[in-house]
Amino acid sequence: MFLPSTPGKFKDKSITMHRQFYRCFASTSTMFLWALFLVALTAAYLSFQSFVDSGSRYFSTAWGGIQWEKQVRASAQIRRHNGVSVLVTGAAGFVGSHVSLALKKRGDGVVGLDNFNSYYDPSLKRDRRNLLNSQNIFVVEGDINDARMLAKLFEIVAFTHVMHLAAQAGVRYAMENPQSYVHSNIAGLVTLLEACKTADPQPAVVWASSSSVYGLNEKAPFSESDRTDRPASLYAATKKAGEEITHTYNHIYGLSITGLRFFTVYGPWGRPDMAYFSFTRNILQGKPITIYKGKNHVDLARDFTYIDDIVKGCIGSLDSAKKSTGSGGKKRAPAQYRIFNLGNTSPVTVPMMVGILEKQLKVKAKKHMVEMPGNGDVPFTHANISSARKEFGYKPTTDLQTGLRKFVRWYLSYYGYDHGKSVK
């Protein structure tokens with residue numbers, strides 16, 4: 001083997017090539033290992049961030065978390081013999097808040113649910129929630145379409161009843177935002193019924209339909225057996241659809257269902273979009289009010305029903321509801337299915353209602369009379385309440401003059417009105 005006489009002056013080409021190959025391989029391996037390390041580090045960071053985010057959502061969102069579950073359980077606690085535990089949807093709404101207070105007052109367990117949407121001023125809904133909180137009623141802030149949230153509520157509490165009052169209300173608003181009615185009144189109802197059918201035990205369901213389902217019916221007074229296949233508005237159509245949907249869940253899954261057709265509910269803590277409420281505001285502000293006339297200049301008439309009477313009807317229907325007959329989504333036997341009118345049986349024309357407000361407010365209204373547009377309104381409503389009276393003793397006791405006096409007293413107190421100060 002030829003050896004160099006002077007070290008370092010001779011380089012074997014094969015050795016040099018091996019060294020270069022080794023260096024290249026080592027460099028590539030190192031880069032590969034570093035790449036793997038960076039990928040692993042990135043994955044670990046993302047996993048940790050996901051864990052932190054999910055944990056943060058669990059503990060800080062409107063629903064979920066240890067403290068939230070404690071509040072739900074405490075609110076659902078029954079404090080009377082043979083009491084019931086009720087999930088009230090739309091609990092921060094007009095009817096929902098009154099029903100929740102009445103149930104809690106007699107010792108029942110009540111958990112509320114509301115999404116506090118902006119259909120009308122959410123501050124009024126939040127003030128109602130504060131009123132409920134003062135009576136130890138917890139209102140969950142969430143959407144009725146959130147199936148995971150509903151499943152969690154039924155997992156925490158074995159509700160005996162559901163009082164479903166959440167809905168997109170209003171006849172005329174449907175022409176502006178029809179999707180909101182489908183989302184709340186149809187999709188939301190189905191989501192709730194899905195949760196109820198799989199709950200163990202299945203709760204009995206009482207829900208708010210509407211007198212609007214009578215639509216173009218001209219037979220008076222309106223009876224539950226009358227035709228309801230000619231709705232005059234999208235709102236009415238969604239409520240009619242709700243009656244058909246609830247019948248289906250009753251038939252297939254054994255859910256006990258009671259539908260309540262409300263007739264023009266009014267009173268303290270009412271909805272600002274209702275005529276009596278907006279009329280009061282405009283009269284006090286010196287603004288004109290628009291009064292619609294029917295065909296041939298006929299006065300529109302409504303079966304105005306005071307909130308306290310509606311609450312009695314809601315609780316009476318809840319107390320007389322039989323248990324559901326299903327389990328795990330399967331029906332064992334036929335279940336109860338009912339529909340009731342809840343009205344006052346004494347229709348009053350809109351001009352007469354305005355006259356009562358003028359006396360209570362001691363202010364003359366500036367009236368603007370116009371023909372009723374084709375916006376889904378109907379010329380009159382009149383409830384036949386014989387079925388509800390027979391089934392659970394429903395008997396309204398508040399006439400419009402008495403009810404409006406109580407409303408005006410609340411309105412002036414809530415908005416802090418005086419003649420030198422404008423009203424909100």
# chains A, B, ... in the order shown; residues from 1 in each chain; ligands from 1

call {"tool": "closest_atom_pairs", "arguments": {"of": "stretch 241-319 of chain A", "to": "stretch 124-144 of chain A", "cutoff": "12 Å", "atoms": "only C-alpha atoms", "output": "tab-separated table"}}
result
residue	atom	partner	partner_atom	distance
A:Pro268	CA	A:Arg128	CA	10.9
A:Trp269	CA	A:Arg128	CA	7.6
A:Gly270	CA	A:Leu124	CA	9.2
A:Arg271	CA	A:Leu124	CA	8.8
A:Pro272	CA	A:Leu124	CA	9.1

call {"tool": "residues_around", "arguments": {"residues": "stretch 324-341 of chain A", "least_positions_apart": "4", "cutoff": "9 Å", "atoms": "only C-alpha atoms", "output": "ChimeraX atom specification"}}
result
/A:194,196-205,209-211,222-224,243,246-247,250-263,317,383-388

call {"tool": "atom_distance", "arguments": {"atom1": "atom CA of A:Lys239", "atom2": "atom CA of A:Tyr214"}}
result
10.4 Å

call {"tool": "atom_distance", "arguments": {"atom1": "atom CA of A:His98", "atom2": "atom CA of A:Gly267"}}
result
10.3 Å
